[in-house]
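J.: The file below is protein.tsv, TSV, C-alpha atoms and all ligand atoms:
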chain	number	residue	atom	x	y	z
A	1	VAL	CA	-37.33	12.33	-57.38
A	2	THR	CA	-33.67	12.28	-58.16
A	3	ALA	CA	-32.20	11.74	-61.58
A	4	ALA	CA	-30.09	8.73	-62.33
A	5	SER	CA	-26.35	9.11	-62.53
A	6	PRO	CA	-24.77	7.33	-65.46
A	7	SER	CA	-21.55	6.52	-63.66
A	8	ALA	CA	-19.94	5.78	-60.32
A	9	ALA	CA	-18.82	9.41	-60.07
A	10	PRO	CA	-17.78	10.70	-56.63
A	11	LEU	CA	-20.27	11.59	-53.89
A	12	THR	CA	-19.09	13.79	-51.03
A	13	ALA	CA	-20.37	13.12	-47.52
A	14	ILE	CA	-20.32	14.76	-44.11
A	15	LEU	CA	-20.83	13.02	-40.78
A	16	ALA	CA	-23.02	14.72	-38.16
A	17	GLY	CA	-22.50	13.56	-34.57
A	18	LEU	CA	-19.13	12.18	-33.53
A	19	GLY	CA	-20.11	10.32	-30.36
A	20	GLY	CA	-19.62	6.60	-29.88
A	21	LEU	CA	-21.64	5.56	-32.90
A	22	GLY	CA	-20.31	8.33	-35.14
A	23	GLU	CA	-16.76	7.26	-34.37
A	24	ALA	CA	-17.70	3.66	-35.18
A	25	TRP	CA	-18.90	4.85	-38.60
A	26	LEU	CA	-15.64	6.70	-39.41
A	27	PRO	CA	-13.74	3.67	-40.79
A	28	ALA	CA	-16.66	2.77	-43.05
A	29	LEU	CA	-16.81	6.32	-44.40
A	30	THR	CA	-13.07	6.73	-44.94
A	31	GLY	CA	-11.86	3.22	-45.81
A	32	PRO	CA	-11.55	1.25	-49.02
A	33	GLY	CA	-15.24	0.27	-48.98
A	34	ALA	CA	-16.28	3.92	-49.18
A	35	ALA	CA	-13.68	4.56	-51.88
A	36	ALA	CA	-15.04	1.65	-53.90
A	37	LEU	CA	-18.52	3.17	-53.62
A	38	GLY	CA	-17.19	6.55	-54.73
A	39	VAL	CA	-17.99	8.16	-51.36
A	40	THR	CA	-15.57	10.69	-49.85
A	41	LEU	CA	-15.99	12.03	-46.31
A	42	THR	CA	-15.04	15.72	-46.46
A	43	ALA	CA	-15.94	17.08	-42.99
A	44	VAL	CA	-17.64	16.29	-39.70
A	45	CYS	CA	-20.19	18.29	-37.71
A	46	GLU	CA	-20.08	17.99	-33.92
A	47	PRO	CA	-20.92	20.73	-31.39
A	48	ASP	CA	-18.45	19.20	-28.94
A	49	ALA	CA	-15.36	20.13	-30.97
A	50	PRO	CA	-12.78	18.64	-28.55
A	51	ARG	CA	-14.67	15.34	-28.60
A	52	ALA	CA	-14.63	15.36	-32.41
A	53	ALA	CA	-10.93	16.23	-32.53
A	54	ALA	CA	-10.11	13.38	-30.15
A	55	ALA	CA	-12.14	10.88	-32.19
A	56	LEU	CA	-10.50	11.96	-35.46
A	57	ALA	CA	-7.04	11.76	-33.85
A	58	ARG	CA	-7.74	8.22	-32.59
A	59	ARG	CA	-8.58	7.22	-36.17
A	60	GLY	CA	-5.59	9.07	-37.67
A	61	LEU	CA	-7.84	11.38	-39.69
A	62	ALA	CA	-7.48	15.08	-40.43
A	63	LEU	CA	-10.86	16.52	-41.42
A	64	PRO	CA	-12.50	19.91	-40.86
A	65	VAL	CA	-14.80	19.98	-37.81
A	66	HIS	CA	-17.86	22.24	-37.92
A	67	GLU	CA	-19.82	22.97	-34.79
A	68	ARG	CA	-22.96	23.89	-36.77
A	69	LEU	CA	-24.44	21.83	-39.57
A	70	TRP	CA	-25.21	24.90	-41.63
A	71	ASP	CA	-21.51	25.68	-41.95
A	72	ALA	CA	-20.74	22.11	-43.03
A	73	LEU	CA	-23.53	22.27	-45.63
A	74	ALA	CA	-21.92	25.28	-47.33
A	75	ALA	CA	-19.67	22.83	-49.18
A	76	ARG	CA	-22.86	21.23	-50.62
A	77	PRO	CA	-22.21	17.60	-49.69
A	78	ALA	CA	-24.19	14.94	-51.54
A	79	ILE	CA	-24.85	12.89	-48.37
A	80	VAL	CA	-25.24	13.74	-44.69
A	81	VAL	CA	-24.78	10.73	-42.38
A	82	ASP	CA	-26.58	11.54	-39.14
A	83	CYS	CA	-25.12	9.69	-36.12
A	84	THR	CA	-26.62	12.03	-33.54
A	85	THR	CA	-29.29	11.17	-30.98
A	86	PRO	CA	-32.97	11.09	-32.06
A	87	ASN	CA	-33.73	14.52	-30.55
A	88	ALA	CA	-31.47	16.16	-33.16
A	89	ARG	CA	-32.84	14.15	-36.10
A	90	LEU	CA	-35.55	16.54	-37.32
A	91	ALA	CA	-33.40	19.68	-37.31
A	92	ILE	CA	-30.58	17.88	-39.12
A	93	ALA	CA	-32.87	16.29	-41.72
A	94	ARG	CA	-34.64	19.57	-42.45
A	95	GLU	CA	-31.42	21.55	-42.90
A	96	ALA	CA	-29.72	18.86	-44.95
A	97	LEU	CA	-32.72	18.20	-47.20
A	98	LEU	CA	-33.23	21.95	-47.68
A	99	ALA	CA	-29.61	22.20	-48.78
A	100	GLY	CA	-30.25	19.51	-51.38
A	101	ALA	CA	-28.43	16.65	-49.69
A	102	HIS	CA	-29.52	13.05	-49.17
A	103	VAL	CA	-29.64	11.95	-45.52
A	104	LEU	CA	-28.81	8.61	-43.93
A	105	CYS	CA	-29.60	8.55	-40.20
A	106	VAL	CA	-28.95	5.83	-37.64
A	107	GLY	CA	-31.98	4.35	-35.95
A	108	PRO	CA	-34.25	4.89	-34.28
A	109	LEU	CA	-35.72	7.42	-36.66
A	110	ALA	CA	-37.41	9.39	-33.88
A	111	ALA	CA	-38.53	9.11	-30.27
A	112	ASP	CA	-42.21	9.88	-30.94
A	113	GLU	CA	-44.93	9.76	-33.60
A	114	GLU	CA	-45.15	13.49	-34.22
A	115	THR	CA	-41.44	13.78	-35.03
A	116	ALA	CA	-41.63	10.75	-37.31
A	117	ALA	CA	-44.57	12.32	-39.16
A	118	ARG	CA	-42.64	15.57	-39.53
A	119	LEU	CA	-39.64	13.69	-40.90
A	120	ILE	CA	-41.86	11.94	-43.44
A	121	GLY	CA	-43.31	15.31	-44.44
A	122	ALA	CA	-39.90	16.93	-44.75
A	123	SER	CA	-38.71	14.07	-46.93
A	124	ALA	CA	-41.81	14.13	-49.12
A	125	ARG	CA	-41.24	17.80	-49.95
A	126	ALA	CA	-37.53	17.47	-50.70
A	127	PRO	CA	-35.86	16.01	-53.76
A	128	GLY	CA	-33.21	14.23	-51.67
A	129	HIS	CA	-33.73	10.88	-49.95
A	130	LEU	CA	-34.09	10.42	-46.19
A	131	ALA	CA	-33.06	6.85	-45.32
A	132	VAL	CA	-32.56	5.04	-42.02
A	133	ALA	CA	-29.55	2.81	-41.34
A	134	HIS	CA	-31.34	-0.35	-40.25
A	135	GLU	CA	-28.52	-2.87	-40.65
A	136	ALA	CA	-29.97	-6.14	-39.31
A	137	ARG	CA	-32.39	-6.63	-42.20
A	138	HIS	CA	-29.40	-6.75	-44.58
A	139	GLN	CA	-27.73	-9.67	-42.79
A	140	PRO	CA	-27.28	-12.52	-45.29
A	141	GLY	CA	-29.15	-15.08	-43.13
A	142	LEU	CA	-32.15	-12.79	-42.75
A	143	ARG	CA	-32.12	-12.17	-46.50
A	144	GLN	CA	-32.31	-15.95	-46.96
A	145	LEU	CA	-35.45	-16.09	-44.77
A	146	ARG	CA	-36.95	-13.17	-46.70
A	147	ASP	CA	-36.20	-14.83	-50.03
A	148	LEU	CA	-37.72	-18.11	-48.81
A	149	VAL	CA	-40.95	-16.29	-47.92
A	150	ARG	CA	-40.96	-14.48	-51.26
A	151	SER	CA	-40.41	-17.72	-53.18
A	152	GLY	CA	-43.35	-19.48	-51.54
A	153	ALA	CA	-41.33	-22.72	-51.76
A	154	LEU	CA	-42.35	-23.78	-48.23
A	155	GLY	CA	-45.76	-22.13	-48.24
A	156	ARG	CA	-47.00	-19.16	-46.26
A	157	PRO	CA	-45.41	-17.82	-43.04
A	158	GLN	CA	-47.21	-18.81	-39.86
A	159	THR	CA	-45.02	-17.75	-36.95
A	160	LEU	CA	-41.77	-15.81	-36.88
A	161	ARG	CA	-39.80	-15.89	-33.62
A	162	ALA	CA	-36.78	-13.77	-32.65
A	163	GLU	CA	-34.80	-14.11	-29.42
A	164	LEU	CA	-32.18	-11.60	-28.37
A	165	HIS	CA	-29.95	-12.20	-25.34
A	166	ALA	CA	-27.18	-9.79	-24.31
A	167	PRO	CA	-25.01	-9.71	-21.19
A	168	PRO	CA	-25.58	-6.89	-18.66
A	169	GLY	CA	-23.56	-3.79	-19.52
A	170	ALA	CA	-24.54	-0.29	-20.54
A	171	ASP	CA	-23.16	3.24	-20.78
A	172	ALA	CA	-24.77	5.82	-18.50
A	173	GLY	CA	-27.22	7.08	-21.12
A	174	GLN	CA	-28.44	3.61	-22.02
A	175	ALA	CA	-28.68	2.54	-18.38
A	176	ALA	CA	-30.91	5.50	-17.48
A	177	MET	CA	-33.18	5.10	-20.49
A	178	ARG	CA	-36.90	4.26	-20.06
A	179	HIS	CA	-37.69	1.06	-21.96
A	180	ALA	CA	-34.06	0.14	-22.52
A	181	MET	CA	-34.95	-2.85	-24.72
A	182	LEU	CA	-37.82	-1.36	-26.72
A	183	ARG	CA	-36.06	1.99	-27.27
A	184	GLY	CA	-32.75	0.18	-27.77
A	185	PRO	CA	-31.96	-2.91	-29.83
A	186	ALA	CA	-35.56	-4.11	-30.34
A	187	ILE	CA	-36.14	-1.87	-33.35
A	188	GLU	CA	-33.56	-3.73	-35.44
A	189	ALA	CA	-35.41	-7.02	-34.83
A	190	PHE	CA	-38.81	-5.41	-35.50
A	191	ASP	CA	-37.49	-3.94	-38.74
A	192	ALA	CA	-35.98	-7.28	-39.75
A	193	ALA	CA	-39.30	-9.06	-39.08
A	194	ARG	CA	-41.09	-6.67	-41.46
A	195	ALA	CA	-38.40	-7.28	-44.06
A	196	ILE	CA	-38.60	-11.10	-43.73
A	197	LEU	CA	-42.40	-11.27	-43.88
A	198	GLY	CA	-42.84	-8.42	-46.36
A	199	ALA	CA	-45.68	-7.26	-44.11
A	200	ASP	CA	-46.29	-4.52	-41.55
A	201	ALA	CA	-47.56	-5.07	-38.01
A	202	LEU	CA	-51.20	-4.38	-37.17
A	203	SER	CA	-51.34	-4.97	-33.41
A	204	VAL	CA	-49.14	-5.84	-30.45
A	205	ALA	CA	-49.35	-7.06	-26.89
A	206	CYS	CA	-46.10	-6.51	-24.99
A	207	ASP	CA	-44.76	-7.10	-21.49
A	208	ALA	CA	-41.62	-5.31	-20.33
A	209	ARG	CA	-39.75	-6.21	-17.16
A	210	THR	CA	-37.14	-4.61	-14.90
A	211	PRO	CA	-35.43	-7.44	-12.99
A	212	GLU	CA	-33.45	-6.56	-9.88
A	213	GLY	CA	-29.67	-6.61	-9.77
A	214	GLN	CA	-28.92	-5.46	-13.31
A	215	PRO	CA	-27.64	-2.06	-14.50
A	216	PHE	CA	-30.71	-0.76	-16.35
A	217	ALA	CA	-33.16	1.59	-14.62
A	218	HIS	CA	-36.08	0.41	-16.73
A	219	ALA	CA	-37.11	-2.60	-18.78
A	220	PRO	CA	-34.04	-4.20	-20.36
A	221	GLU	CA	-36.36	-7.18	-20.95
A	222	ALA	CA	-39.39	-7.21	-23.27
A	223	HIS	CA	-41.68	-9.87	-24.75
A	224	ALA	CA	-43.93	-8.82	-27.61
A	225	ARG	CA	-46.50	-10.61	-29.75
A	226	PHE	CA	-47.33	-8.83	-33.01
A	227	GLY	CA	-50.17	-9.62	-35.39
A	228	MET	CA	-48.80	-8.98	-38.88
A	229	ALA	CA	-50.77	-7.85	-41.95
A	230	ASP	CA	-50.08	-11.16	-43.74
A	231	GLY	CA	-51.78	-13.10	-40.93
A	232	ALA	CA	-48.49	-14.32	-39.41
A	233	LEU	CA	-47.52	-13.91	-35.76
A	234	PHE	CA	-44.21	-12.27	-34.87
A	235	LEU	CA	-42.99	-13.19	-31.37
A	236	PHE	CA	-40.08	-11.20	-29.98
A	237	SER	CA	-38.33	-11.99	-26.73
A	238	GLY	CA	-35.33	-9.90	-25.73
A	239	ASN	CA	-33.22	-9.32	-22.64
A	240	ARG	CA	-30.14	-7.11	-22.66
A	241	ALA	CA	-29.15	-7.88	-19.06
A	242	GLU	CA	-29.00	-11.65	-19.04
A	243	ALA	CA	-26.45	-14.00	-17.50
A	244	GLY	CA	-25.05	-16.82	-19.57
A	245	PRO	CA	-24.10	-17.07	-23.22
A	246	PRO	CA	-25.46	-14.21	-25.37
A	247	SER	CA	-27.20	-14.65	-28.70
A	248	SER	CA	-25.72	-13.06	-31.81
A	249	PRO	CA	-26.37	-9.28	-31.69
A	250	HIS	CA	-28.76	-9.94	-34.59
A	251	GLY	CA	-30.72	-12.47	-32.50
A	252	MET	CA	-31.77	-16.06	-33.15
A	253	TRP	CA	-34.63	-16.57	-35.61
A	254	ARG	CA	-37.14	-19.35	-36.34
A	255	LEU	CA	-39.78	-19.16	-39.04
A	256	THR	CA	-42.55	-21.72	-39.34
A	257	LEU	CA	-44.32	-21.88	-42.69
A	258	SER	CA	-47.34	-23.86	-43.87
A	259	GLY	CA	-44.96	-26.28	-45.60
A	260	GLY	CA	-41.86	-26.29	-43.40
A	261	MET	CA	-39.55	-24.42	-41.07
A	262	ALA	CA	-36.41	-22.29	-41.35
A	263	ARG	CA	-34.00	-20.95	-38.76
A	264	TRP	CA	-31.04	-18.59	-38.56
A	265	ASP	CA	-28.59	-18.46	-35.64
A	266	GLY	CA	-27.67	-14.81	-36.23
A	267	ALA	CA	-24.27	-15.56	-37.77
A	268	GLY	CA	-24.01	-18.41	-40.29
A	269	PRO	CA	-26.25	-19.33	-43.19
A	270	ALA	CA	-29.95	-20.04	-42.62
A	271	GLU	CA	-31.28	-23.62	-42.77
A	272	ALA	CA	-34.70	-24.96	-43.77
A	273	TRP	CA	-36.73	-28.20	-43.56
A	274	THR	CA	-39.89	-29.36	-45.27
A	275	LEU	CA	-42.86	-30.41	-43.13
A	276	SER	CA	-43.29	-33.57	-45.14
A	277	PRO	CA	-42.14	-36.05	-45.94
A	278	GLY	CA	-40.25	-36.65	-42.72
A	279	SER	CA	-38.91	-33.13	-42.11
A	280	ALA	CA	-36.30	-33.38	-44.88
A	281	PRO	CA	-33.72	-30.60	-45.27
A	282	HIS	CA	-34.79	-27.99	-47.81
A	283	PRO	CA	-31.71	-26.51	-49.51
A	284	LEU	CA	-31.58	-22.72	-49.64
A	285	PRO	CA	-29.64	-20.66	-52.19
A	286	PRO	CA	-26.31	-19.58	-50.60
A	287	PRO	CA	-26.34	-16.29	-48.70
A	288	ALA	CA	-25.15	-13.17	-50.50
A	289	ALA	CA	-22.02	-11.39	-49.19
A	290	LEU	CA	-22.32	-8.17	-47.19
A	291	PRO	CA	-20.69	-5.05	-48.65
A	292	ASP	CA	-17.50	-3.66	-47.01
A	293	VAL	CA	-19.48	-0.68	-45.72
A	294	PRO	CA	-22.77	-0.60	-43.80
A	295	ALA	CA	-25.33	-2.10	-46.18
A	296	SER	CA	-27.60	0.91	-45.66
A	297	LEU	CA	-24.90	3.23	-47.04
A	298	ALA	CA	-24.29	0.96	-50.03
A	299	GLY	CA	-28.07	0.84	-50.55
A	300	LEU	CA	-28.43	4.61	-50.41
A	301	VAL	CA	-25.59	5.15	-52.88
A	302	ALA	CA	-27.06	2.55	-55.25
A	303	ALA	CA	-30.46	4.26	-54.97
A	304	ILE	CA	-28.96	7.71	-55.68
A	305	ARG	CA	-27.12	6.38	-58.72
A	306	ALA	CA	-30.17	4.52	-60.03
A	307	GLY	CA	-32.60	7.36	-59.33
A	308	ARG	CA	-34.87	5.24	-57.11
A	309	ARG	CA	-35.89	5.21	-53.44
A	310	PRO	CA	-33.59	3.42	-50.98
A	311	GLU	CA	-34.99	0.29	-49.29
A	312	THR	CA	-35.15	1.80	-45.80
A	313	HIS	CA	-36.47	5.21	-46.79
A	314	VAL	CA	-38.17	7.18	-44.04
A	315	ARG	CA	-41.71	5.98	-44.70
A	316	ASP	CA	-40.61	2.34	-44.54
A	317	ALA	CA	-38.54	2.92	-41.40
A	318	ALA	CA	-41.50	4.68	-39.77
A	319	ALA	CA	-43.43	1.39	-39.91
A	320	SER	CA	-40.70	-0.23	-37.78
A	321	LEU	CA	-40.69	2.71	-35.35
A	322	ALA	CA	-44.49	2.40	-35.10
A	323	MET	CA	-43.98	-1.16	-33.78
A	324	VAL	CA	-41.69	0.17	-31.03
A	325	LEU	CA	-44.08	2.92	-30.01
A	326	ALA	CA	-47.11	0.58	-29.97
A	327	ALA	CA	-45.16	-2.01	-27.94
A	328	ILE	CA	-44.28	0.71	-25.41
A	329	ARG	CA	-47.94	1.78	-25.14
A	330	SER	CA	-48.91	-1.86	-24.55
A	331	ALA	CA	-46.16	-2.47	-21.98
A	332	ASP	CA	-47.17	0.71	-20.14
A	333	ARG	CA	-50.75	-0.64	-19.96
A	334	ASP	CA	-49.80	-4.04	-18.49
A	335	GLY	CA	-49.70	-5.81	-21.83
A	336	ARG	CA	-53.06	-4.65	-23.18
A	337	PRO	CA	-53.25	-5.11	-26.97
A	338	GLU	CA	-52.56	-1.93	-28.94
A	339	ALA	CA	-53.00	-1.08	-32.61
A	340	VAL	CA	-49.81	-0.30	-34.50
A	341	ARG	CA	-50.50	3.11	-36.05
A	342	ARG	CA	-49.52	4.00	-39.60
A	343	LEU	CA	-47.25	6.97	-38.93
A	344	GLY	CA	-47.11	8.04	-42.57
A	345	ASP	CA	-50.86	8.73	-42.43
A	346	LEU	CA	-50.65	11.15	-39.51
A	347	SER	CA	-51.19	14.77	-40.38
A	348	ASP	CA	-47.86	16.27	-41.20
A	349	ALA	CA	-46.59	19.69	-40.30
A	350	SER	CA	-43.02	19.44	-41.40
A	351	GLY	CA	-42.48	23.18	-41.54
A	352	LEU	CA	-40.36	22.61	-44.61
A	353	SER	CA	-41.51	24.94	-47.34
A	354	ALA	CA	-41.51	23.64	-50.89
A	355	THR	CA	-40.01	26.91	-52.02
A	356	GLY	CA	-36.31	27.51	-51.91
A	357	LEU	CA	-35.40	23.84	-52.12
A	358	ALA	CA	-32.04	23.19	-53.69
A	359	SER	CA	-31.61	20.38	-56.17
A	360	PRO	CA	-30.30	17.17	-54.66
A	361	ARG	CA	-26.60	16.64	-54.98
A	362	GLN	CA	-25.81	14.41	-57.84
A	363	PRO	CA	-22.46	12.68	-58.20
A	364	GLN	CA	-19.89	15.15	-59.51
A	365	GLU	CA	-18.31	14.16	-62.75
A	366	ALA	CA	-14.57	14.05	-62.18
B	401	LIG	N1	-24.22	3.43	-29.36
B	401	LIG	C1	-24.79	2.41	-29.93
B	401	LIG	O1	-24.36	1.27	-29.81
B	401	LIG	C2	-26.01	2.61	-30.78
B	401	LIG	C3	-26.53	1.54	-31.42
B	401	LIG	C4	-27.62	1.74	-32.26
B	401	LIG	C5	-28.16	2.99	-32.41
B	401	LIG	N2	-27.65	4.01	-31.75
B	401	LIG	C6	-28.26	5.35	-32.00
B	401	LIG	O2	-27.24	6.25	-32.20
B	401	LIG	C7	-27.44	7.39	-31.40
B	401	LIG	C8	-26.09	7.95	-31.03
B	401	LIG	O3	-25.42	7.03	-30.18
B	401	LIG	P1	-24.05	7.43	-29.48
B	401	LIG	O4	-23.72	6.34	-28.54
B	401	LIG	O5	-23.05	7.82	-30.52
B	401	LIG	O6	-24.51	8.76	-28.67
B	401	LIG	P2	-23.56	9.89	-28.12
B	401	LIG	O7	-24.42	10.70	-27.19
B	401	LIG	O8	-22.28	9.32	-27.65
B	401	LIG	O9	-23.19	10.79	-29.40
B	401	LIG	C9	-24.08	11.65	-30.04
B	401	LIG	C10	-23.27	12.83	-30.55
B	401	LIG	O10	-24.11	13.65	-31.36
B	401	LIG	C11	-23.72	14.99	-31.10
B	401	LIG	N3	-24.81	15.89	-31.53
B	401	LIG	C12	-25.93	16.21	-30.85
B	401	LIG	N4	-26.67	17.10	-31.56
B	401	LIG	C13	-25.99	17.33	-32.70
B	401	LIG	C14	-26.23	18.15	-33.84
B	401	LIG	N5	-27.34	18.90	-33.94
B	401	LIG	N6	-25.32	18.16	-34.85
B	401	LIG	C15	-24.20	17.41	-34.75
B	401	LIG	N7	-23.91	16.61	-33.69
B	401	LIG	C16	-24.79	16.57	-32.68
B	401	LIG	C17	-23.44	15.03	-29.63
B	401	LIG	O11	-22.64	16.15	-29.27
B	401	LIG	C18	-22.73	13.71	-29.43
B	401	LIG	O12	-21.32	13.84	-29.55
B	401	LIG	C19	-28.26	6.87	-30.23
B	401	LIG	O13	-29.06	7.87	-29.66
B	401	LIG	C20	-29.11	5.86	-30.89
B	401	LIG	O14	-30.19	6.55	-31.48
B	401	LIG	C21	-26.57	3.87	-30.94
Kindly return the structure encoded in the file as structure tokens.
T.:
Amino acid sequence: VTAASPSAAPLTAILAGLGGLGEAWLPALTGPGAAALGVTLTAVCEPDAPRAAAALARRGLALPVHERLWDALAARPAIVVDCTTPNARLAIAREALLAGAHVLCVGPLAADEETAARLIGASARAPGHLAVAHEARHQPGLRQLRDLVRSGALGRPQTLRAELHAPPGADAGQAAMRHAMLRGPAIEAFDAARAILGADALSVACDARTPEGQPFAHAPEAHARFGMADGALFLFSGNRAEAGPPSSPHGMWRLTLSGGMARWDGAGPAEAWTLSPGSAPHPLPPPAALPDVPASLAGLVAAIRAGRRPETHVRDAAASLAMVLAAIRSADRDGRPEAVRRLGDLSDASGLSATGLASPRQPQEA
């Protein structure tokens, strides 16, 4: 458990993994939003040094590049932002947590249950936080749906529906991936559904399809029906190789409640209606503004400063990953219903010893 910091004193950060996504994070970590948060990016870690140098040059940045994380950790950064692929996640989290840093990794958390359990174990033994950058759940319209559920103003949730449509198009890695939808963008919608309902998934039946004539080798299309712990149904339908107008990247959402309905188009504010009398509009409080940096980074910094757990800490994120893995098991068994396992309850063998742990980096007083 980290101690609270009394001020907005500076926090140093390093970025691990300077591929496509890492480069996309650079402006957020070096721009005015980061400065306002008190976050300073001091170095990057990328084994492909020429790739890192090219990315930094494109962004007009001059930062040290380390090929090994251990060397970057010698400067004792407060935060490690992990933008690598899931197969590097465990090694990076272990090293960074051992060195006393907090870790923010992009999703998905892991590719399998065992790695997720090890990440939970590593985090539980370390004083630093391990958080996952699930961004969709922070979208203002989704927050409005969540707040409506929490308020109970239109009764209890019955059915939550999310539709995601994207035009065909993929880089080579994405195109070759097995379960391109479920291992790709689906996790953001699954995570958002848990956030809206305030409930985890218990079971799923899922069909995945590989239509002809599109660039993905396997299953860019998936249709999943989750039974949630609050009794609601969550229906997800996604296709990332579809002709015609796309949905917002955050999807289109409809929520039926015992006393009304709400919807969000993935961009503007959410809207709601009462069931009676006569399906009248139900005004919602205006949506909150997004921060100038990824909301997960702002959330982690706020959590560090307040001495509390971030919203999408590893154990919470594991419940979203569990939905993905259960949906894949179901799709691979022709849609047979599967239980969604509680990954945090799996036996953990993190390999991270409790001895020799450094204290988590606290903001440095200027
Ligand atoms: N690209 C997207 O739009 C997108 C969207 C959502 C999530 N993601 C997630 O982000 C991950 C990264 O995506 P990407 O497109 O940037 O992949 P990428 O393959 O282009 O980049 C990953 C980078 O990480 C580096 N790396 C690997 N191991 C490392 C280690 N131990 N330490 C430091 N760097 C290491 C690689 O050399 C590579 O440059 C994806 O696997 C996925 O999990 C990507």
J.: Nearest residue to ligand LIG 401 (chain B) out of A:Ala205, A:Leu37, A:Ala288, A:Ala133, using all atoms listed in the file?
T.: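 For ligand LIG 401 (chain B), the nearest of the given residues is A:Ala133.
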J.: I'd like to know which of A:Ala195, A:Ala322, A:Ala78, A:Ala54 is closest to Val301 (chain A), using all atoms listed in the file.
T.: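 The closest residue to Val301 (chain A) is A:Ala78.
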J.: Pick out the residues no farther than 9 Å from ligand LIG 401 (chain B), counting all atoms listed in the file, and list them as a count of residues only.
T.: 46
J.: Tell me which protein, DNA and RNA residues are within 12 Å of Ala153 (chain A), counting only C-alpha atoms, leaving out same-chain ones fewer than 5 positions away, and put them as a list in words.
T.: Leu145, Arg146, Asp147, Leu148, Leu257, Ser258, Gly259, Gly260, Met261, Ala262, Ala272, Trp273, Thr274, Leu275, His282, Pro283, Leu284 and Pro285 of chain A
J.: So the first atom is CA of Gly268 (chain A) and the second is CA of Gly31 (chain A); what is the distance between them in Å, to one decimal place?
T.: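 Computing it gives 25.4 Å between the two atoms.
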J.: Find the residues of region 93-178 of chain A that sit at most 10 Å from region 230-233 of chain A; for each, write down the nearest two atoms and how far apart they are in Å, to one decimal. Count all atoms listed in the file. Sort by chain, then by number going up, and give it as CSV.
T.:
residue,atom,partner,partner_atom,distance
A:Arg156,CA,A:Ala232,CA,8.5
A:Pro157,CA,A:Ala232,CA,5.9
A:Gln158,CA,A:Ala232,CA,4.7
A:Thr159,CA,A:Leu233,CA,4.7
A:Leu160,CA,A:Leu233,CA,6.2
A:Arg161,CA,A:Leu233,CA,8.3
J.: Would you write out those residues with C-alpha atoms, as a compact mmCIF listing (two decimals), in the coordinates of the input?
T.:
# COMPACT_ATOMS: atom_id res chain seq x y z
CA ARG A 156 -47.00 -19.16 -46.26
CA PRO A 157 -45.41 -17.82 -43.04
CA GLN A 158 -47.21 -18.81 -39.86
CA THR A 159 -45.02 -17.75 -36.95
CA LEU A 160 -41.77 -15.81 -36.88
CA ARG A 161 -39.80 -15.89 -33.62
J.: I need the residue nearest Pro167 (chain A) from this list: A:Ser276, A:Ser248, A:Ser330, A:Thr312. Use all atoms listed in the file for the distance.
T.: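 The closest residue to Pro167 (chain A) is A:Ser248.
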J.: Could you check which of A:Leu154, A:Leu325, A:Ala96, A:Leu29 is closest to Leu255 (chain A), using all atoms listed in the file?
T.: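 That would be A:Leu154, the residue with the smallest distance to Leu255 (chain A).
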J.: Distance CA of Gly152 (chain A)-CA of Ala193 (chain A), one decimal place?
T.: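 Interatomic distance, CA of Gly152 (chain A) to CA of Ala193 (chain A): 16.7 Å.
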J.: Using only C-alpha atoms, which protein or nucleic acid residues come within 12 Å of Gly244 (chain A)? Drop anything in the same chain fewer than 6 positions from it, and give the result as a PyMOL selection string.
T.: chain A and resi 165-168
J.: Take the residues that were just selected and, keeping C-alpha atoms, output them as a short mmCIF file (atom, residue, chain, number, x, y, z; two decimals), in the coordinates of the input.
T.:
data_model
loop_
_atom_site.label_atom_id
_atom_site.label_comp_id
_atom_site.auth_asym_id
_atom_site.auth_seq_id
_atom_site.Cartn_x
_atom_site.Cartn_y
_atom_site.Cartn_z
CA HIS A 165 -29.95 -12.20 -25.34
CA ALA A 166 -27.18 -9.79 -24.31
CA PRO A 167 -25.01 -9.71 -21.19
CA PRO A 168 -25.58 -6.89 -18.66
#
J.: When you count all atoms listed in the file, which of these residues is closest to Val293 (chain A): A:Ala267, A:Val39, A:Ala339, A:Leu182?
T.: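 So, comparing all the options, the nearest one is A:Val39.
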J.: What lies within 8 Å of Pro269 (chain A) using all atoms listed in the file, ignoring chain neighbours under 3 positions off, as a list in words?
T.: Pro140, Gly141, Gln144, Trp264, Asp265, Pro286 and Pro287 of chain A
J.: Next, write the just-selected residues to a file, as a PDB file, in the frame of the given file, keeping C-alpha atoms as the atom set.
T.:
ATOM      1  CA  PRO A 140     -27.280 -12.520 -45.290  1.00  0.00           C
ATOM      2  CA  GLY A 141     -29.150 -15.080 -43.130  1.00  0.00           C
ATOM      3  CA  GLN A 144     -32.310 -15.950 -46.960  1.00  0.00           C
ATOM      4  CA  TRP A 264     -31.040 -18.590 -38.560  1.00  0.00           C
ATOM      5  CA  ASP A 265     -28.590 -18.460 -35.640  1.00  0.00           C
ATOM      6  CA  PRO A 286     -26.310 -19.580 -50.600  1.00  0.00           C
ATOM      7  CA  PRO A 287     -26.340 -16.290 -48.700  1.00  0.00           C
TER       8      PRO A 287
END
J.: Rounded to one decimal, what separation in Å do you get between CA of Gly278 (chain A) and CA of Arg263 (chain A)?
T.: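 That distance, rounded to one decimal, is 17.4 Å.
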J.: Taking 5 positions as the minimum chain separation for residues in the same chain, which residues sit within 8 Å of Ala101 (chain A) when counting all atoms listed in the file? Answer as a list in words.
T.: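 Contacts, in chain order: Arg76, Pro77, Ala78, Ile79, Val80, Ala96, Gly128, His129, Pro360 and Arg361 of chain A.
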J.: So that I can see what lies close to Val340 (chain A), please list as a list in words the residues with an atom at most 12 Å from it, counting all atoms listed in the file and leaving out residues fewer than 4 positions away in the same chain.
T.: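 Within the cut-off, the hits are Glu113, Asp200, Ala201, Leu202, Ser203, Val204, Ala205, Cys206, Arg225, Phe226, Gly227, Met228, Ala229, Ala318, Ala319, Ser320, Leu321, Ala322, Met323, Val324, Leu325, Ala326, Ala327, Ile328, Arg329, Ser330 and Gly344 of chain A.
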